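Student: Supplied structure: model35.cif, mmCIF, C-alpha atoms.
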```
data_upload
loop_
_atom_site.group_PDB
_atom_site.id
_atom_site.type_symbol
_atom_site.label_atom_id
_atom_site.label_comp_id
_atom_site.auth_asym_id
_atom_site.auth_seq_id
_atom_site.Cartn_x
_atom_site.Cartn_y
_atom_site.Cartn_z
ATOM 1 C CA MET A 1 142.433 138.546 138.145
ATOM 2 C CA VAL A 2 142.783 135.073 136.716
ATOM 3 C CA GLU A 3 139.647 134.058 138.534
ATOM 4 C CA ALA A 4 137.799 137.097 137.185
ATOM 5 C CA ALA A 5 138.899 136.300 133.615
ATOM 6 C CA ALA A 6 137.850 132.675 134.035
ATOM 7 C CA GLY A 7 134.497 133.801 135.427
ATOM 8 C CA ALA A 8 134.011 136.228 132.521
ATOM 9 C CA ARG A 9 134.872 133.489 130.031
ATOM 10 C CA ALA A 10 132.416 131.093 131.713
ATOM 11 C CA ASP A 11 129.731 133.804 131.582
ATOM 12 C CA MET A 12 130.524 134.425 127.916
ATOM 13 C CA ASP A 13 130.385 130.669 127.157
ATOM 14 C CA ALA A 14 127.044 130.395 128.933
ATOM 15 C CA LEU A 15 125.707 133.423 127.024
ATOM 16 C CA ILE A 16 126.849 131.970 123.670
ATOM 17 C CA ARG A 17 125.451 128.549 124.555
ATOM 18 C CA ASP A 18 122.080 130.097 125.515
ATOM 19 C CA ARG A 19 121.935 132.136 122.300
ATOM 20 C CA VAL A 20 122.916 129.149 120.129
ATOM 21 C CA ASP A 21 120.357 126.976 121.910
ATOM 22 C CA ALA A 22 117.679 129.644 121.356
ATOM 23 C CA MET A 23 118.625 129.961 117.669
ATOM 24 C CA VAL A 24 118.620 126.190 117.138
ATOM 25 C CA THR A 25 115.299 125.831 118.960
ATOM 26 C CA ALA A 26 113.764 128.641 116.882
ATOM 27 C CA ARG A 27 115.027 127.075 113.642
ATOM 28 C CA VAL A 28 113.771 123.594 114.594
ATOM 29 C CA ASP A 29 110.366 125.081 115.487
ATOM 30 C CA GLU A 30 110.322 126.896 112.136
ATOM 31 C CA ILE A 31 111.169 123.701 110.227
ATOM 32 C CA MET A 32 108.533 121.718 112.138
ATOM 33 C CA ALA A 33 105.905 124.395 111.416
ATOM 34 C CA LEU A 34 106.785 124.238 107.702
ATOM 35 C CA LYS A 35 106.541 120.429 107.730
ATOM 36 C CA GLU A 36 103.149 120.610 109.455
ATOM 37 C CA ALA A 37 101.929 123.180 106.911
ATOM 38 C CA GLU A 38 103.114 120.967 104.027
ATOM 39 C CA LYS A 39 101.414 117.971 105.592
ATOM 40 C CA ALA A 40 98.169 119.916 106.082
ATOM 41 C CA ALA A 41 98.278 121.215 102.496
ATOM 42 C CA LYS A 42 98.788 117.724 101.048
ATOM 43 C CA PRO A 43 95.701 115.508 101.321
ATOM 44 C CA LYS A 44 95.957 112.001 102.667
ATOM 45 C CA LYS A 45 96.245 109.329 100.026
ATOM 46 C CA MET A 46 94.555 105.918 99.963
ATOM 47 C CA ALA A 47 95.382 103.105 97.531
ATOM 48 C CA ILE A 48 92.952 100.196 97.251
ATOM 49 C CA ILE A 49 93.355 97.010 95.224
ATOM 50 C CA ALA A 50 89.990 95.406 94.371
ATOM 51 C CA THR A 51 90.303 91.765 93.277
ATOM 52 C CA LYS A 52 86.811 90.341 93.796
ATOM 53 C CA GLY A 53 83.769 90.809 91.584
ATOM 54 C CA THR A 54 80.896 89.498 93.676
ATOM 55 C CA LEU A 55 78.213 91.711 95.183
ATOM 56 C CA ASP A 56 79.465 91.306 98.748
ATOM 57 C CA TRP A 57 83.080 92.060 97.757
ATOM 58 C CA ALA A 58 82.199 95.097 95.631
ATOM 59 C CA TYR A 59 80.889 97.101 98.595
ATOM 60 C CA PRO A 60 84.068 97.418 100.723
ATOM 61 C CA PRO A 61 86.370 99.120 98.175
ATOM 62 C CA LEU A 62 83.606 101.435 96.958
ATOM 63 C CA ILE A 63 82.441 102.437 100.452
ATOM 64 C CA LEU A 64 86.002 103.029 101.648
ATOM 65 C CA ALA A 65 86.926 104.971 98.507
ATOM 66 C CA SER A 66 83.849 107.193 98.550
ATOM 67 C CA THR A 67 84.311 107.866 102.267
ATOM 68 C CA GLY A 68 87.982 108.770 101.799
ATOM 69 C CA ALA A 69 87.172 111.049 98.858
ATOM 70 C CA THR A 70 84.433 112.733 100.903
ATOM 71 C CA LEU A 71 87.070 113.484 103.540
ATOM 72 C CA GLY A 72 89.188 115.161 100.868
ATOM 73 C CA TRP A 73 91.641 112.294 100.441
ATOM 74 C CA ASP A 74 93.284 111.415 97.136
ATOM 75 C CA VAL A 75 91.871 107.918 96.493
ATOM 76 C CA GLY A 76 92.585 105.341 93.811
ATOM 77 C CA ILE A 77 91.230 101.831 93.291
ATOM 78 C CA PHE A 78 93.172 99.387 91.116
ATOM 79 C CA PHE A 79 90.630 96.902 89.720
ATOM 80 C CA THR A 80 92.342 93.638 88.848
ATOM 81 C CA PHE A 81 91.246 90.059 88.176
ATOM 82 C CA TYR A 82 87.539 89.620 89.029
ATOM 83 C CA GLY A 83 87.394 93.125 90.502
ATOM 84 C CA LEU A 84 87.172 94.402 86.927
ATOM 85 C CA LYS A 85 83.534 93.239 86.870
ATOM 86 C CA ILE A 86 82.724 96.219 89.126
ATOM 87 C CA LEU A 87 83.722 98.605 86.326
ATOM 88 C CA GLN A 88 81.604 96.952 83.627
ATOM 89 C CA LYS A 89 78.690 98.931 82.204
ATOM 90 C CA ASP A 90 76.532 95.812 82.179
ATOM 91 C CA ARG A 91 77.472 94.490 85.604
ATOM 92 C CA HIS A 92 75.465 91.716 87.167
ATOM 93 C CA LEU A 93 77.083 91.086 90.528
ATOM 94 C CA GLU A 94 75.874 88.233 92.696
ATOM 95 C CA VAL A 95 76.732 86.832 96.099
ATOM 96 C CA GLY A 96 78.642 83.579 96.122
ATOM 97 C CA THR A 97 76.722 81.349 98.524
ATOM 98 C CA THR A 98 78.689 78.126 98.280
ATOM 99 C CA GLY A 99 81.690 78.109 100.567
ATOM 100 C CA ASN A 100 80.590 81.323 102.280
ATOM 101 C CA PRO A 101 79.619 80.106 105.781
ATOM 102 C CA ALA A 102 79.772 83.625 107.264
ATOM 103 C CA MET A 103 76.944 84.851 105.044
ATOM 104 C CA PRO A 104 73.921 85.586 107.247
ATOM 105 C CA MET A 105 70.776 83.856 106.093
ATOM 106 C CA PRO A 106 67.325 84.426 107.573
ATOM 107 C CA VAL A 107 67.188 80.767 108.581
ATOM 108 C CA PRO A 108 70.177 78.546 109.355
ATOM 109 C CA MET A 109 71.027 76.604 106.237
ATOM 110 C CA PRO A 110 73.477 73.741 105.746
ATOM 111 C CA GLN A 111 76.267 74.576 103.288
ATOM 112 C CA LEU A 112 75.140 71.750 101.027
ATOM 113 C CA LEU A 113 71.843 73.551 100.329
ATOM 114 C CA THR A 114 73.679 76.674 99.136
ATOM 115 C CA ALA A 115 74.708 74.741 96.009
ATOM 116 C CA LEU A 116 71.093 74.216 94.936
ATOM 117 C CA PRO A 117 70.049 75.923 91.694
ATOM 118 C CA GLY A 118 68.590 79.364 92.314
ATOM 119 C CA MET A 119 70.322 79.949 95.659
ATOM 120 C CA THR A 120 72.811 82.497 94.282
ATOM 121 C CA PRO A 121 70.144 84.733 92.690
ATOM 122 C CA MET A 122 67.984 84.432 95.810
ATOM 123 C CA ALA A 123 70.860 85.315 98.146
ATOM 124 C CA SER A 124 71.830 88.232 95.879
ATOM 125 C CA TRP A 125 68.271 89.543 95.902
ATOM 126 C CA MET A 126 68.125 89.198 99.697
ATOM 127 C CA MET A 127 71.402 91.071 100.169
ATOM 128 C CA LYS A 128 70.325 93.900 97.852
ATOM 129 C CA ARG A 129 67.012 94.188 99.683
ATOM 130 C CA GLN A 130 68.673 94.141 103.106
ATOM 131 C CA PHE A 131 71.134 96.864 102.093
ATOM 132 C CA LYS A 132 68.343 98.971 100.583
ATOM 133 C CA ASP A 133 66.178 98.535 103.706
ATOM 134 C CA HIS A 134 69.065 99.905 105.781
ATOM 135 C CA GLY A 135 69.653 102.906 103.522
ATOM 136 C CA VAL A 136 72.905 101.631 102.011
ATOM 137 C CA ALA A 137 73.604 102.831 98.480
ATOM 138 C CA SER A 138 73.578 100.295 95.668
ATOM 139 C CA ILE A 139 76.741 99.320 93.801
ATOM 140 C CA ASP A 140 75.642 101.467 90.844
ATOM 141 C CA GLU A 141 75.130 104.458 93.143
ATOM 142 C CA LEU A 142 78.484 103.935 94.860
ATOM 143 C CA VAL A 143 80.310 103.654 91.531
ATOM 144 C CA ASN A 144 78.685 106.909 90.364
ATOM 145 C CA VAL A 145 79.561 108.665 93.639
ATOM 146 C CA CYS A 146 83.173 107.512 93.360
ATOM 147 C CA VAL A 147 83.414 108.875 89.808
ATOM 148 C CA GLU A 148 81.780 112.174 90.851
ATOM 149 C CA LEU A 149 84.147 112.553 93.821
ATOM 150 C CA GLY A 150 87.196 112.023 91.623
ATOM 151 C CA VAL A 151 88.224 108.591 92.868
ATOM 152 C CA LYS A 152 90.755 107.184 90.418
ATOM 153 C CA MET A 153 89.099 104.031 89.087
ATOM 154 C CA ILE A 154 92.044 102.224 87.481
ATOM 155 C CA PRO A 155 91.527 99.088 85.337
ATOM 156 C CA CYS A 156 94.361 96.557 85.135
ATOM 157 C CA GLY A 157 95.516 96.158 81.535
ATOM 158 C CA MET A 158 97.042 92.717 81.992
ATOM 159 C CA THR A 159 93.835 91.294 83.443
ATOM 160 C CA MET A 160 91.817 92.884 80.641
ATOM 161 C CA ASP A 161 94.040 91.132 78.107
ATOM 162 C CA VAL A 162 93.868 87.782 79.908
ATOM 163 C CA PHE A 163 90.062 87.820 80.235
ATOM 164 C CA GLY A 164 89.400 89.520 76.903
ATOM 165 C CA PHE A 165 87.727 92.607 78.392
ATOM 166 C CA SER A 166 87.418 95.704 76.211
ATOM 167 C CA LYS A 167 87.587 99.245 77.584
ATOM 168 C CA ASP A 168 84.373 99.894 75.635
ATOM 169 C CA GLY A 169 82.601 97.573 78.071
ATOM 170 C CA PHE A 170 83.556 99.721 81.077
ATOM 171 C CA ILE A 171 81.782 102.718 82.571
ATOM 172 C CA ASP A 172 82.735 106.273 81.655
ATOM 173 C CA GLY A 173 84.894 108.336 83.982
ATOM 174 C CA ILE A 174 87.566 105.753 84.751
ATOM 175 C CA GLU A 175 91.306 106.218 84.417
ATOM 176 C CA PRO A 176 93.247 105.000 81.391
ATOM 177 C CA VAL A 177 94.055 101.301 81.370
ATOM 178 C CA CYS A 178 97.407 100.699 83.040
ATOM 179 C CA GLY A 179 99.573 98.016 84.534
ATOM 180 C CA ALA A 180 100.686 97.218 88.055
ATOM 181 C CA THR A 181 103.882 99.271 87.662
ATOM 182 C CA HIS A 182 101.917 102.461 86.988
ATOM 183 C CA PHE A 183 99.571 101.847 89.910
ATOM 184 C CA LEU A 184 102.392 101.010 92.311
ATOM 185 C CA ASP A 185 104.223 104.172 91.286
ATOM 186 C CA TRP A 186 101.077 106.191 92.097
ATOM 187 C CA ALA A 187 100.461 104.271 95.336
ATOM 188 C CA ALA A 188 104.066 104.406 96.597
ATOM 189 C CA ASP A 189 103.435 107.334 98.948
ATOM 190 C CA ALA A 190 99.935 106.326 100.078
ATOM 191 C CA ASP A 191 99.048 106.897 103.733
ATOM 192 C CA VAL A 192 96.611 103.964 103.643
ATOM 193 C CA SER A 193 96.956 100.875 101.411
ATOM 194 C CA LEU A 194 94.266 98.179 101.293
ATOM 195 C CA PHE A 195 94.000 94.860 99.467
ATOM 196 C CA ILE A 196 90.389 93.720 99.116
#
```
Take the structure from the file and write it as C-alpha cells.
Tutor:
Amino acid sequence: MVEAAAGARADMDALIRDRVDAMVTARVDEIMALKEAEKAAKPKKMAIIATKGTLDWAYPPLILASTGATLGWDVGIFFTFYGLKILQKDRHLEVGTTGNPAMPMPVPMPQLLTALPGMTPMASWMMKRQFKDHGVASIDELVNVCVELGVKMIPCGMTMDVFGFSKDGFIDGIEPVCGATHFLDWAADADVSLFI
C-alpha cells in the first residue's frame, strides 16, 4: 500500500511536472513570437556621422543612407564639421589630392606633383567623370534621393555657429538644426552606427 501510494505520488509529480513544463514552454514560445513580431514591425535604424566635406568623402554616407532608406530602414545622418558642406545649396565639393596616396590616378604620380596648382580641380573632374561613366549618381542626385526617401539630414548647430554657416545656405528638406545631445538621443537605439 505504501509502495502504491508512493508510486501514485511519483506519477502525480511527473504529470504536474510535464504540464508545468508544457505551460512554460508554450508561454516562452508566445513571448518569443511577440518579440519577433515587434522586431519585424520596427524597422532597422542606422545612424551615420558625416565629418568630411570633400567629394570622395561625401559619397559613402549618402550611398549608405540612401541604400538603408531603400531597404525601409530609419536612417539619419548627423552632418558636423566639414560634413556640413554636403548640405549647402551652393556646394562645390572637390577631391583632396595632396596627402591622398590611395587615390587612383590614370598614371602613377609622385605625391609632390599633387600639390601643383590645378591638380585638385582636375582630380575632381576626373572622379566625377569616372563615377558618371560607371552609372553612379552624382552628389546632388544622392542628396535629393536621401531627402525623398526620408533620410534625416541633421545639421550640427555647434559647427554652424563655429564656422558661421546659416541655415538659409542649406538645402530644403533637412531636419532642424540640433546639437550632439539631440542626435545621440535619436541614435541611442540604432542597429548600425557609422562614423565617416
Student: Quick check, in Å to one decimal: how far apart do atom CA of A:Leu93 and atom CA of A:Ala69 lie?
Tutor: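 Between atom CA of A:Leu93 and atom CA of A:Ala69 the gap is 23.9 Å.
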Student: Could you tell me which residues the PyMOL selection byres ((chain A and resi 49) around 7) grabs in this file, written as a PyMOL selection string?
Tutor: chain A and resi 47-48+50-51+77-79+194-196
Student: Could you work out how far atom CA of A:Gly72 lies from atom CA of A:Asp29, giving the answer in Å with one decimal?
Tutor: 27.6 Å
Student: Just the residues within 12 Å of stretch 183-187 of chain A, please, counting only C-alpha atoms, with nothing from its chain fewer than 6 positions along; format it as a list of chain:residue names.
Tutor: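 Near neighbours after the sequence-gap exclusion: A:Lys44, A:Lys45, A:Met46, A:Ala47, A:Ile48, A:Ile49, A:Asp74, A:Val75, A:Gly76, A:Ile77, A:Phe78, A:Phe79, A:Thr80, A:Lys152, A:Met153, A:Ile154, A:Pro155, A:Cys156, A:Gly157, A:Glu175, A:Pro176, A:Val177, A:Ser193, A:Leu194.
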Student: Quick one: distance from atom CA of A:Glu38 to atom CA of A:Val20 in Å, one decimal?
Tutor: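 That distance, rounded to one decimal, is 26.8 Å.
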Student: Would you kindly translate the PyMOL selection byres ((chain A and resi 142) around 10) into the concrete residues it picks from this file, as a list of chain:residue names?
Tutor: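 Answer for the PyMOL selection byres ((chain A and resi 142) around 10): A:Ala58, A:Tyr59, A:Pro61, A:Leu62, A:Ile63, A:Ala65, A:Ser66, A:Val136, A:Ala137, A:Ser138, A:Ile139, A:Asp140, A:Glu141, A:Val143, A:Asn144, A:Val145, A:Cys146, A:Val147, A:Glu148.
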Student: Translate the PyMOL selection byres ((chain A and resi 158) around 9) into a concrete residue list for this structure, as JSON, numbers by chain.
Tutor: {"A": [80, 81, 156, 157, 159, 160, 161, 162, 163, 178, 179, 180]}
Student: Give me a file of those residues, with C-alpha atoms, as a compact mmCIF listing (two decimals), in the frame of the given file.
Tutor:
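part28.txt written:
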```
# COMPACT_ATOMS: atom_id res chain seq x y z
CA THR A 80 92.34 93.64 88.85
CA PHE A 81 91.25 90.06 88.18
CA CYS A 156 94.36 96.56 85.14
CA GLY A 157 95.52 96.16 81.54
CA THR A 159 93.84 91.29 83.44
CA MET A 160 91.82 92.88 80.64
CA ASP A 161 94.04 91.13 78.11
CA VAL A 162 93.87 87.78 79.91
CA PHE A 163 90.06 87.82 80.24
CA CYS A 178 97.41 100.70 83.04
CA GLY A 179 99.57 98.02 84.53
CA ALA A 180 100.69 97.22 88.06
```
